[in-house]
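This report refers to the structure that appears directly beneath it.
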2 protein chains.
Amino acid sequence: MSAQTTLPSFNNTLMPQPEKLTVGQGGLVVTSSFSVAAPQFRDERLDGAIGRMLHRLEYQTGVPIGKDILKDPANAALVIDVKDAGEAVQSVDEDESYSLNVTATGAKLQANTVVGALRGMETLLQLVQANHTGYFIPAVSIEDTPRFRWRGLLIDVGRHFEPVSVIERTLDGLAAVKLNVFHWHLTDDQGFRIESKLYPKLTGVGSDGLYYTQEQAKEVVAYARARGIRVVPEFDMPGHSVSWFVGYPEISSGPGPYKIRREFGISDEAMDPTRDSTYRFLDGFIGEMATIFPDPYLHIGGDESNGAQWKGNPRIVEFMHKHDMKDTAALQAYFNRHLLKILEKHHKHMVGWDEVLNPGLPKDVVVQSWRGEASLAAGAKQGYQGILSAPYYLDAMKSAEQHYLADPLPSNSDLTPQQRSLILGGEVCMWGEQLYERTIDSRIWPRTAAMAERFWSPENVRDVNDMYRRLDVMSVRLETFGLTHLTQEDVGLRALTGTTGIDAMRVFASVLEPVSFHERYEGQHTSQLTPLDRLVDAVRPDPPSRHEMEVLVRVFLENPSQHSGEQHRLLAIFAEWTTAGSKVQQLVVASPLLAEDATERVQQFAQLAEIGSQAVAHLASASPAPTGWKQSSLATLDAAQKPQGLVRFTVLGPLRDLVNATQ
Amino acid sequence: MSAQTTLPSFNNTLMPQPEKLTVGQGGLVVTSSFSVAAPQFRDERLDGAIGRMLHRLEYQTGVPIGKDILKDPANAALVIDVKDAGEAVQSVDEDESYSLNVTATGAKLQANTVVGALRGMETLLQLVQANHTGYFIPAVSIEDTPRFRWRGLLIDVGRHFEPVSVIERTLDGLAAVKLNVFHWHLTDDQGFRIESKLYPKLTGVGSDGLYYTQEQAKEVVAYARARGIRVVPEFDMPGHSVSWFVGYPEISSGPGPYKIRREFGISDEAMDPTRDSTYRFLDGFIGEMATIFPDPYLHIGGDESNGAQWKGNPRIVEFMHKHDMKDTAALQAYFNRHLLKILEKHHKHMVGWDEVLNPGLPKDVVVQSWRGEASLAAGAKQGYQGILSAPYYLDAMKSAEQHYLADPLPSNSDLTPQQRSLILGGEVCMWGEQLYERTIDSRIWPRTAAMAERFWSPENVRDVNDMYRRLDVMSVRLETFGLTHLTQEDVGLRALTGTTGIDAMRVFASVLEPVSFHERYEGQHTSQLTPLDRLVDAVRPDPPSRHEMEVLVRVFLENPSQHSGEQHRLLAIFAEWTTAGSKVQQLVVASPLLAEDATERVQQFAQLAEIGSQAVAHLASASPAPTGWKQSSLATLDAAQKPQGLVRFTVLGPLRDLVNATQ
């Protein structure tokens, strides 16, 4: 194999980037005699992972590859040396490091644990490249270990249920980008999603029949463990718990009866922290859940309990007086202390949202911060471990770039080294109010891959252009797990128009994205019963147009009369918008559901095309725009920025730059 | 509601077409006060179906609709009157008829059974139309009943396993087009896919771990029943049974040991029909399966048993001599007679492929014909009931048109009325050699919808243009069940090119389709282990381009110098091909997997564009083509028709027509 001389240079599309990477010459050609040896440690988990890797390699290259795992490394293309299985129950301290060396004659993956080997195999698959003759793994030397120990994704299945198949394909995606925690938000006001055999009415009347059986939950836990992912279940208490009360009003602080809550937002209802029976109930429940979820951590929520139901119950008010509690926060702290004892009994560490932070709690409580970096730092200064989530809310509909640049522990943080070590990592949050199984993937992916890199790679890996270049490749890789983030927009556009002829709609949708959760909530007053079938549900957050147009305009504006490539590209884009716009207008008229959101937007779309092409023409010819043109164009762009139709344009910034650059 | 005056005229997009349809004026507007009453019979199945219908109506219209089912019809927009539940176990004689009357003030659906109501609800959802103000159900009067009693789809999960989620979304699709049988081909040489607790090694070593638990199978049966669909399981015997022998070689006719067979095609192995122990085994197995599958029919396969293993076993040869059996067909008939007794014991009727047809079998055996209409008719003439499958093989990669026009019982058939009544219907067959969960949907849909109409609607419903018009709408409807037939091509193209930028690839793929099973098998020597990741796996059978180009060219050629609309459309298409072609060429070079199949095809694609545009230019100007042009163009088209890359062009016929029309 003299592959060194004929193979092209290394194209780094790894995501997340490894800690250390050295590129060699040439690479290892993938042929049908490709084989794997694991001469040291082997177990079922490693074998399963190798089998999946080989299957993926085979599909990526079209080269049929034998699945037998060899003992003898002599003839193996890839040798996987693992020291041992790793922790029986993966903890936050699991060793995930690995090294990977590829030469023209073979590859070697070394890791202390199976989890490290899993991470290395994902890297190996991402390395595969092609030239005109076939596929190869470039010669590289990689030493890799994560920056943060806790790298998670939360999925809220309380507001909208997600089937097991959605969870499992998401776990495949998490593993591919080296995330290691699946935070399963299993209960909320709007639904109780995990079967309890002890308390069958929890799902019996609190779930609309949409819940995971214990067997399914165990299957998910096993699926995650096979991929080196911990499953941290969350049972939100004492608030966000109306769905519990539908079947068991006796643990609430009010008289009941209750119905599943359909509205979103903070609710008044809360568990009754004053009664022993509440704690006996929770003891039973948590004991039962501990048999399903082996993770050392259990998330008790603790957020957004407004105390209203407590204050409305004279018996509870009297209890507070009697125990010298000055406010409901004190009562919640009392509740948490009791809950902590139950968790300790069942060998679980407590995780909770910012609100659980209370001097009365022991230091092994982990605080997950939805409030922000300041809250996280405040916790660390008090000695609490923390996980940052505030900048990683997917439903804020921010760009991958914005998420990517938010660091859980920036080097300019004022924390001491000891305090810094308390920042365990970050968690991406996928709250479930405004999505369901058909739309969740495009909300999670590919943006989560960018955040995964933030949590794994060195702090100085933050080149946004390069991130977007690799994110596009990663997005295609993720699709092989059955994730629908790249197909869902088309499905939505077809449903809205009732036709397969959506070429023009695609062009229109390419410059639109959903507004944030809050803006939609205000605009549409969404509840659990709102059909999620609008234009806002079809379009994707941070579509490629945003960054591409930014770059294109930036380069063009450097020298408008010189950059004719960019000029033509921009003019072609604006011409495409114009053509598409008139076709979309016809479709909009025929679809009331689409008309509601798109009537005004498609008119603006045509205006944007016109402004863009005019601006480019003025700039390219270096001739002044007609009097008033700039002002009226900016006014049009301002109008297009106003909330309308629950979607927003992704290209207004660059268009404004174009207009402002004219004379 | 004076909707009558403002609503547009009725756009019939029903598929299948009902037996009788009368269109009225105006229609029923869908508002958020839409409600359903079921004042007569109700049961869990009906309630569930109404809930699903309302959910779908809600998503289609964006109008939130209450889900309570009323008792009092007075204020209901839709009244559903059902006489009774229908059969406890749906038989081939279940009453599926219904009537549906819609006026501006309300809709009434009447049926004798819940199954009839299910069919009517699908029709109701397909009626929904939009105008500029909102959604409405046009005023119609429909009387509907199926032409054939047995309208099925076979899915072979033996060659490639399909997860429950794939099966369930397919069942949703079947219900939407009013098919009523899911024929589950559960076992074959390449895999045993249903758990047996009596014989755990069947899946233990015969399935690669890919099988349905009994619980999952029961879930599928319940899912199907909820949609008025029977589940007919097939356990192929005595051949196609290597996977049985991996765990239980003692029921085979050879010494063993056996491995799961990876190759496709007819195998020599077969069960040993001479031993009592074989029948005891089958008695146990079928008894166990009868507890999972309540359907009165059980399919025993019986196809393609070549007798080779029997002839190679002296003991079996001696047995044949002793019992005066002149050939292995006689031995198979002996096997079938014993099998029949076992089926009778477990209250099952026998279904088998053509080969089971044998004068020794009683007349309640149903023959499913893969051999063709003649074989089916021959069976009927002997008094056997039959189901036609030969013209409905999806892996033949025929057009929807070809499938659609093949009638199970054409009016010119020479069968007597009595014999005609023995033709129960038809079954679409999805054999599993060359597909898997990522590609199966586009092989099944939308073509199966056209065949479903053939099985349900009157014989004279056979306007191909109108079928394609409605099929496009139906295809979008089917997508709402999570079926991936319209998205899978993009997924495949992205995987092949490693990029999200596939606009040009889409244009290229739009005129390609997979070759038939046989052509691919010959060309690629596919086995169960072949990665199904080629261009042929991405592209769709019978893409819209085929019929569209046919129609476009036909209209254009009626008067080439007059039809300037068609002329411009054709020239635009050819120009698009040219532009896309050069971009695709760059992608092809970068992807070895794609290059293998597309290198030559993309060159031909450019040639087709050139020929097409030249032909149109000559025709439109009514000027003769240069000397030799026609001949060389036809030679190029001939070359493009040759097998290459496992894909074929869909537009060669119309292009040839264009060339031939030049002077």
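Just remember, in the structure tokens the first chain shown is A, the second B, etc., residues are 1-based per chain, and ligands are 1-based in the order shown.
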If DSSP is run on the backbone, what residues of segment 304-375 of chain A are alpha helix (DSSP H)? A reply as a ChimeraX atom specification would be ideal.
/A:308-311,314-322,328-345,373-375
List the spatial neighbours of segment 282-297 of chain A as a count of residues only - criterion: any atom at most 6 Å away, only C-alpha atoms, same-chain residues fewer than 3 positions off excluded.
6
How far is it from atom CA of His563 of chain B to atom CA of Thr13 of chain B, in Å with one decimal?
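Atom CA of Thr13 of chain B lies at a distance of 28.0 Å from atom CA of His563 of chain B.
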Per-residue nearest contacts of chain B to chain A (8 Å; only C-alpha atoms) as CSV:
residue,atom,partner,partner_atom,distance
B:Glu58,CA,A:Pro531,CA,6.5
B:Tyr59,CA,A:Pro531,CA,5.5
B:Gln60,CA,A:Ala495,CA,7.5
B:Thr61,CA,A:Leu593,CA,6.4
B:Gly62,CA,A:Pro531,CA,5.8
B:Val63,CA,A:Pro531,CA,7.4
B:Pro64,CA,A:Thr530,CA,6.3
B:Ala130,CA,A:Ser591,CA,6.2
B:Asn131,CA,A:Ala590,CA,6.0
B:His132,CA,A:Pro592,CA,5.7
B:Thr133,CA,A:Pro592,CA,6.1
B:Gly134,CA,A:Pro592,CA,5.2
B:Tyr135,CA,A:Pro592,CA,7.3
B:Ser165,CA,A:Ser165,CA,7.7
B:Arg438,CA,A:Gly482,CA,7.6
B:Asp472,CA,A:Thr500,CA,6.6
B:Val473,CA,A:Thr499,CA,5.9
B:Ser475,CA,A:Thr500,CA,7.9
B:Val476,CA,A:Gly498,CA,6.3
B:Arg477,CA,A:Ala495,CA,7.4
B:Glu479,CA,A:Val491,CA,7.1
B:Thr480,CA,A:Ala495,CA,7.5
B:Gly482,CA,A:Arg438,CA,7.6
B:Thr487,CA,A:Thr487,CA,5.9
B:Asp490,CA,A:Thr487,CA,7.7
B:Val491,CA,A:Glu479,CA,7.1
B:Arg494,CA,A:Val476,CA,6.3
B:Ala495,CA,A:Val476,CA,6.4
B:Leu496,CA,A:Gln60,CA,7.9
B:Gly498,CA,A:Val473,CA,6.3
B:Thr499,CA,A:Val473,CA,5.9
B:Thr500,CA,A:Val476,CA,6.6
B:Leu529,CA,A:Pro64,CA,7.2
B:Thr530,CA,A:Pro64,CA,6.4
B:Pro531,CA,A:Tyr59,CA,5.6
B:Leu532,CA,A:Tyr59,CA,7.2
B:Asp533,CA,A:Tyr59,CA,5.8
B:Arg534,CA,A:Gly62,CA,7.3
B:Val589,CA,A:His132,CA,5.8
B:Ala590,CA,A:His132,CA,6.0
B:Ser591,CA,A:Ala130,CA,6.3
B:Pro592,CA,A:Gly134,CA,5.2
B:Leu593,CA,A:Gly62,CA,6.3
Per-residue DSSP, segment 40-215 of chain A, filtered to strand (DSSP E or B), as a ChimeraX atom specification:
/A:69-70,78-84,98-102,107-113,129-130,135-144,150-156,181-188,191-192,194,212
Selected residues written out, C-alpha atoms, as an mmCIF file, in the first residue's frame:
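The result, written out as out01.cif:
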data_model
loop_
_atom_site.group_PDB
_atom_site.id
_atom_site.type_symbol
_atom_site.label_atom_id
_atom_site.label_comp_id
_atom_site.auth_asym_id
_atom_site.auth_seq_id
_atom_site.Cartn_x
_atom_site.Cartn_y
_atom_site.Cartn_z
ATOM 1 C CA ILE A 69 -13.414 -9.304 15.907
ATOM 2 C CA LEU A 70 -9.930 -10.793 15.859
ATOM 3 C CA LEU A 78 -7.474 -1.492 13.249
ATOM 4 C CA VAL A 79 -6.282 -2.606 16.665
ATOM 5 C CA ILE A 80 -8.343 -1.538 19.645
ATOM 6 C CA ASP A 81 -6.521 -1.785 22.937
ATOM 7 C CA VAL A 82 -8.721 -1.177 25.942
ATOM 8 C CA LYS A 83 -7.555 -1.626 29.544
ATOM 9 C CA ASP A 84 -10.883 -2.402 31.147
ATOM 10 C CA TYR A 98 -8.311 7.817 24.087
ATOM 11 C CA SER A 99 -5.488 7.983 21.615
ATOM 12 C CA LEU A 100 -5.696 7.146 17.964
ATOM 13 C CA ASN A 101 -2.813 6.579 15.581
ATOM 14 C CA VAL A 102 -3.370 5.971 11.924
ATOM 15 C CA ALA A 107 -4.679 2.155 12.913
ATOM 16 C CA LYS A 108 -4.417 1.789 16.652
ATOM 17 C CA LEU A 109 -6.988 3.007 19.131
ATOM 18 C CA GLN A 110 -6.007 2.952 22.806
ATOM 19 C CA ALA A 111 -8.152 3.747 25.805
ATOM 20 C CA ASN A 112 -8.287 3.005 29.482
ATOM 21 C CA THR A 113 -11.980 2.246 29.339
ATOM 22 C CA GLN A 129 -12.269 10.597 3.520
ATOM 23 C CA ALA A 130 -12.471 9.842 -0.164
ATOM 24 C CA TYR A 135 -12.025 5.667 0.873
ATOM 25 C CA PHE A 136 -9.225 5.998 3.381
ATOM 26 C CA ILE A 137 -8.489 7.067 6.924
ATOM 27 C CA PRO A 138 -5.858 9.806 6.851
ATOM 28 C CA ALA A 139 -2.648 9.294 8.803
ATOM 29 C CA VAL A 140 -3.104 11.150 12.070
ATOM 30 C CA SER A 141 -2.027 10.977 15.645
ATOM 31 C CA ILE A 142 -4.681 12.042 18.122
ATOM 32 C CA GLU A 143 -4.612 12.401 21.892
ATOM 33 C CA ASP A 144 -8.018 13.303 23.151
ATOM 34 C CA TRP A 150 -20.687 16.633 32.290
ATOM 35 C CA ARG A 151 -21.836 17.231 28.729
ATOM 36 C CA GLY A 152 -25.535 16.768 28.386
ATOM 37 C CA LEU A 153 -28.741 17.232 26.524
ATOM 38 C CA LEU A 154 -32.057 17.648 28.308
ATOM 39 C CA ILE A 155 -35.211 16.539 26.562
ATOM 40 C CA ASP A 156 -38.509 17.549 28.056
ATOM 41 C CA VAL A 181 -25.461 12.773 29.634
ATOM 42 C CA PHE A 182 -29.060 12.373 28.563
ATOM 43 C CA HIS A 183 -31.127 14.376 31.015
ATOM 44 C CA TRP A 184 -34.635 12.990 30.768
ATOM 45 C CA HIS A 185 -37.207 15.500 31.999
ATOM 46 C CA LEU A 186 -39.896 12.906 32.609
ATOM 47 C CA THR A 187 -42.588 14.739 34.495
ATOM 48 C CA ASP A 188 -44.190 18.139 34.331
ATOM 49 C CA GLY A 191 -47.734 14.922 31.600
ATOM 50 C CA PHE A 192 -46.283 12.124 33.680
ATOM 51 C CA ILE A 194 -42.773 7.047 33.304
ATOM 52 C CA TYR A 212 -42.661 4.949 28.822
#
So that I can check the surroundings of Arg280 of chain A, please list as a PyMOL selection string every protein, DNA and RNA residue that reaches within 12 Å of it, counting only C-alpha atoms and ignoring chain neighbours fewer than 5 positions away.
chain A and resi 198+250-251+272-275+285-287+338-339+341-342
Spatial neighbours of segment 598-603 of chain B, max dist 12 Å, only C-alpha atoms, sep filter under 5 positions, as a VMD selection string
(chain A and resid 132) or (chain B and resid 493 496 to 497 504 to 505 507 to 509 511 to 513 534 to 536 539 577 to 593 608 to 610 636 to 637 639 to 649)
Measuring between only C-alpha atoms, which one of B:Gln40, B:Ser633, B:Asn460, B:Ser399 shows the shortest distance to Gln604 of chain B?
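Among the listed residues, B:Ser633 lies closest to Gln604 of chain B.
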Using only C-alpha atoms, the shortest atom-to-atom distance to Gly426 of chain B among B:Ala378, B:Val128, B:Leu361, B:Arg149 belongs to B:Arg149
Which distance in Å separates atom CA of Gln402 of chain B and atom CA of Leu174 of chain B, to one decimal?
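Value for the atom CA of Gln402 of chain B-atom CA of Leu174 of chain B distance: 19.9 Å.
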Could you give me, as an mmCIF file with N, CA, C and O atoms, in the first residue's frame, the residues within 12 Å of Asn180 of chain B, counting only C-alpha atoms and dropping anything in the same chain fewer than 3 positions from it?
data_model
loop_
_atom_site.group_PDB
_atom_site.id
_atom_site.type_symbol
_atom_site.label_atom_id
_atom_site.label_comp_id
_atom_site.auth_asym_id
_atom_site.auth_seq_id
_atom_site.Cartn_x
_atom_site.Cartn_y
_atom_site.Cartn_z
ATOM 1 N N GLN B 90 -61.690 -9.936 12.558
ATOM 2 C CA GLN B 90 -62.085 -9.524 11.208
ATOM 3 C C GLN B 90 -61.800 -10.640 10.206
ATOM 4 O O GLN B 90 -60.688 -11.149 10.139
ATOM 5 N N SER B 91 -62.826 -10.981 9.442
ATOM 6 C CA SER B 91 -62.637 -12.022 8.432
ATOM 7 C C SER B 91 -62.632 -11.399 7.047
ATOM 8 O O SER B 91 -62.802 -10.184 6.891
ATOM 9 N N VAL B 92 -62.503 -12.229 6.059
ATOM 10 C CA VAL B 92 -62.510 -11.777 4.679
ATOM 11 C C VAL B 92 -63.911 -11.266 4.289
ATOM 12 O O VAL B 92 -64.067 -10.567 3.290
ATOM 13 N N ASP B 93 -64.889 -11.593 5.105
ATOM 14 C CA ASP B 93 -66.263 -11.184 4.799
ATOM 15 C C ASP B 93 -66.719 -9.959 5.585
ATOM 16 O O ASP B 93 -67.894 -9.594 5.535
ATOM 17 N N GLU B 94 -65.833 -9.337 6.300
ATOM 18 C CA GLU B 94 -66.223 -8.154 7.090
ATOM 19 C C GLU B 94 -66.882 -7.106 6.185
ATOM 20 O O GLU B 94 -66.451 -6.874 5.059
ATOM 21 N N ASP B 95 -67.932 -6.501 6.723
ATOM 22 C CA ASP B 95 -68.628 -5.437 5.995
ATOM 23 C C ASP B 95 -67.838 -4.137 6.132
ATOM 24 O O ASP B 95 -67.720 -3.583 7.223
ATOM 25 N N GLU B 96 -67.302 -3.651 5.026
ATOM 26 C CA GLU B 96 -66.491 -2.431 5.047
ATOM 27 C C GLU B 96 -67.208 -1.246 4.393
ATOM 28 O O GLU B 96 -66.602 -0.206 4.184
ATOM 29 N N VAL B 115 -65.460 -1.048 11.147
ATOM 30 C CA VAL B 115 -64.510 -1.047 10.030
ATOM 31 C C VAL B 115 -65.028 -0.160 8.894
ATOM 32 O O VAL B 115 -64.272 0.628 8.311
ATOM 33 N N GLY B 116 -66.301 -0.246 8.613
ATOM 34 C CA GLY B 116 -66.882 0.642 7.603
ATOM 35 C C GLY B 116 -66.702 2.102 7.992
ATOM 36 O O GLY B 116 -66.374 2.941 7.143
ATOM 37 N N LEU B 118 -64.344 3.311 9.827
ATOM 38 C CA LEU B 118 -62.922 3.642 9.648
ATOM 39 C C LEU B 118 -62.658 4.045 8.196
ATOM 40 O O LEU B 118 -61.973 5.037 7.920
ATOM 41 N N ARG B 119 -63.197 3.266 7.277
ATOM 42 C CA ARG B 119 -63.011 3.581 5.860
ATOM 43 C C ARG B 119 -63.610 4.950 5.535
ATOM 44 O O ARG B 119 -63.022 5.748 4.800
ATOM 45 N N PRO B 146 -65.982 -1.883 -1.034
ATOM 46 C CA PRO B 146 -64.842 -2.324 -1.841
ATOM 47 C C PRO B 146 -65.229 -3.315 -2.929
ATOM 48 O O PRO B 146 -66.162 -4.101 -2.773
ATOM 49 N N PHE B 148 -63.031 -5.674 -4.023
ATOM 50 C CA PHE B 148 -62.468 -6.961 -3.591
ATOM 51 C C PHE B 148 -62.390 -7.033 -2.071
ATOM 52 O O PHE B 148 -62.190 -6.026 -1.399
ATOM 53 N N ARG B 149 -62.511 -8.262 -1.587
ATOM 54 C CA ARG B 149 -62.547 -8.463 -0.136
ATOM 55 C C ARG B 149 -61.158 -8.530 0.487
ATOM 56 O O ARG B 149 -60.978 -8.313 1.673
ATOM 57 N N TRP B 150 -60.164 -8.962 -0.319
ATOM 58 C CA TRP B 150 -58.805 -9.171 0.202
ATOM 59 C C TRP B 150 -57.886 -8.197 -0.516
ATOM 60 O O TRP B 150 -57.624 -8.319 -1.705
ATOM 61 N N ARG B 151 -57.432 -7.183 0.209
ATOM 62 C CA ARG B 151 -56.608 -6.128 -0.383
ATOM 63 C C ARG B 151 -55.388 -5.941 0.509
ATOM 64 O O ARG B 151 -55.460 -5.309 1.562
ATOM 65 N N GLY B 152 -54.288 -6.532 0.083
ATOM 66 C CA GLY B 152 -53.183 -6.619 1.028
ATOM 67 C C GLY B 152 -51.859 -6.053 0.571
ATOM 68 O O GLY B 152 -51.662 -5.707 -0.595
ATOM 69 N N LEU B 153 -50.977 -5.983 1.543
ATOM 70 C CA LEU B 153 -49.567 -5.688 1.285
ATOM 71 C C LEU B 153 -48.741 -6.716 2.030
ATOM 72 O O LEU B 153 -48.942 -6.925 3.242
ATOM 73 N N LEU B 154 -47.856 -7.384 1.323
ATOM 74 C CA LEU B 154 -46.892 -8.284 1.956
ATOM 75 C C LEU B 154 -45.614 -7.503 2.243
ATOM 76 O O LEU B 154 -45.126 -6.768 1.375
ATOM 77 N N LEU B 171 -48.722 0.524 8.393
ATOM 78 C CA LEU B 171 -50.124 0.214 8.662
ATOM 79 C C LEU B 171 -50.991 1.473 8.594
ATOM 80 O O LEU B 171 -52.117 1.435 8.079
ATOM 81 N N ASP B 172 -50.469 2.577 9.084
ATOM 82 C CA ASP B 172 -51.210 3.833 8.947
ATOM 83 C C ASP B 172 -51.451 4.152 7.476
ATOM 84 O O ASP B 172 -52.544 4.589 7.098
ATOM 85 N N GLY B 173 -50.426 3.936 6.681
ATOM 86 C CA GLY B 173 -50.566 4.174 5.242
ATOM 87 C C GLY B 173 -51.586 3.238 4.610
ATOM 88 O O GLY B 173 -52.421 3.654 3.805
ATOM 89 N N LEU B 174 -51.534 1.971 4.983
ATOM 90 C CA LEU B 174 -52.490 0.998 4.442
ATOM 91 C C LEU B 174 -53.917 1.432 4.758
ATOM 92 O O LEU B 174 -54.796 1.395 3.891
ATOM 93 N N ALA B 175 -54.143 1.826 6.003
ATOM 94 C CA ALA B 175 -55.494 2.247 6.393
ATOM 95 C C ALA B 175 -55.939 3.464 5.590
ATOM 96 O O ALA B 175 -57.105 3.563 5.190
ATOM 97 N N ALA B 176 -55.017 4.354 5.328
ATOM 98 C CA ALA B 176 -55.369 5.580 4.608
ATOM 99 C C ALA B 176 -55.833 5.278 3.183
ATOM 100 O O ALA B 176 -56.624 6.036 2.621
ATOM 101 N N VAL B 177 -55.317 4.202 2.592
ATOM 102 C CA VAL B 177 -55.743 3.860 1.229
ATOM 103 C C VAL B 177 -56.673 2.649 1.230
ATOM 104 O O VAL B 177 -56.895 2.018 0.205
ATOM 105 N N HIS B 183 -49.842 -8.750 5.211
ATOM 106 C CA HIS B 183 -49.282 -10.102 5.091
ATOM 107 C C HIS B 183 -47.832 -10.014 5.557
ATOM 108 O O HIS B 183 -46.997 -9.394 4.904
ATOM 109 N N ALA B 224 -52.968 -2.919 13.970
ATOM 110 C CA ALA B 224 -53.640 -3.184 12.694
ATOM 111 C C ALA B 224 -55.152 -3.272 12.891
ATOM 112 O O ALA B 224 -55.924 -2.669 12.147
ATOM 113 N N ARG B 225 -55.568 -3.999 13.905
ATOM 114 C CA ARG B 225 -57.010 -4.137 14.138
ATOM 115 C C ARG B 225 -57.662 -2.783 14.388
ATOM 116 O O ARG B 225 -58.769 -2.520 13.920
ATOM 117 N N ALA B 226 -56.962 -1.934 15.117
ATOM 118 C CA ALA B 226 -57.503 -0.601 15.378
ATOM 119 C C ALA B 226 -57.758 0.139 14.071
ATOM 120 O O ALA B 226 -58.547 1.079 14.031
ATOM 121 N N ARG B 227 -57.093 -0.270 13.018
ATOM 122 C CA ARG B 227 -57.236 0.369 11.704
ATOM 123 C C ARG B 227 -57.990 -0.493 10.701
ATOM 124 O O ARG B 227 -57.966 -0.235 9.500
ATOM 125 N N GLY B 228 -58.627 -1.552 11.198
ATOM 126 C CA GLY B 228 -59.413 -2.400 10.311
ATOM 127 C C GLY B 228 -58.564 -3.237 9.376
ATOM 128 O O GLY B 228 -58.978 -3.526 8.249
ATOM 129 N N ILE B 229 -57.404 -3.625 9.832
ATOM 130 C CA ILE B 229 -56.479 -4.391 8.996
ATOM 131 C C ILE B 229 -56.204 -5.753 9.640
ATOM 132 O O ILE B 229 -55.896 -5.828 10.829
ATOM 133 N N ARG B 230 -56.350 -6.790 8.826
ATOM 134 C CA ARG B 230 -56.014 -8.135 9.297
ATOM 135 C C ARG B 230 -54.505 -8.354 9.173
ATOM 136 O O ARG B 230 -53.864 -7.832 8.266
ATOM 137 N N VAL B 231 -53.967 -9.144 10.084
ATOM 138 C CA VAL B 231 -52.561 -9.512 9.983
ATOM 139 C C VAL B 231 -52.482 -10.998 9.675
ATOM 140 O O VAL B 231 -52.882 -11.834 10.492
ATOM 141 N N VAL B 232 -52.017 -11.329 8.479
ATOM 142 C CA VAL B 232 -51.855 -12.727 8.074
ATOM 143 C C VAL B 232 -50.369 -13.058 8.143
ATOM 144 O O VAL B 232 -49.576 -12.541 7.349
ATOM 145 N N GLY B 425 -59.080 -11.143 -4.273
ATOM 146 C CA GLY B 425 -58.510 -9.805 -4.412
ATOM 147 C C GLY B 425 -57.056 -9.852 -4.801
ATOM 148 O O GLY B 425 -56.631 -10.747 -5.536
ATOM 149 N N GLY B 426 -56.302 -8.905 -4.303
ATOM 150 C CA GLY B 426 -54.900 -8.807 -4.692
ATOM 151 C C GLY B 426 -54.022 -8.418 -3.513
ATOM 152 O O GLY B 426 -54.497 -7.909 -2.498
ATOM 153 N N GLU B 427 -52.761 -8.716 -3.697
ATOM 154 C CA GLU B 427 -51.788 -8.317 -2.678
ATOM 155 C C GLU B 427 -50.555 -7.717 -3.337
ATOM 156 O O GLU B 427 -49.941 -8.341 -4.212
ATOM 157 N N VAL B 428 -50.202 -6.545 -2.881
ATOM 158 C CA VAL B 428 -48.947 -5.921 -3.261
ATOM 159 C C VAL B 428 -47.831 -6.641 -2.493
ATOM 160 O O VAL B 428 -48.010 -6.972 -1.318
ATOM 161 N N ALA B 452 -53.962 0.051 -4.398
ATOM 162 C CA ALA B 452 -55.081 0.018 -3.445
ATOM 163 C C ALA B 452 -56.359 0.478 -4.122
ATOM 164 O O ALA B 452 -57.444 -0.056 -3.869
ATOM 165 N N PHE B 455 -57.773 -2.297 -6.188
ATOM 166 C CA PHE B 455 -58.448 -3.340 -5.402
ATOM 167 C C PHE B 455 -59.786 -2.859 -4.828
ATOM 168 O O PHE B 455 -60.665 -3.651 -4.549
ATOM 169 N N TRP B 456 -59.893 -1.570 -4.589
ATOM 170 C CA TRP B 456 -61.099 -1.047 -3.942
ATOM 171 C C TRP B 456 -62.125 -0.516 -4.933
ATOM 172 O O TRP B 456 -63.325 -0.795 -4.827
#
Two-atom distance - atom CA of Tyr248 of chain B, atom CA of Gln309 of chain B (Å)
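Computed distance, atom CA of Tyr248 of chain B to atom CA of Gln309 of chain B, equals 16.0 Å.
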Could you tell me which of A:Ile502, A:Ala308, A:Val515, A:Val651 comes closest to Phe574 of chain A if we count only C-alpha atoms?
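Residue with the minimum atom-to-atom distance to Phe574 of chain A: A:Val651.
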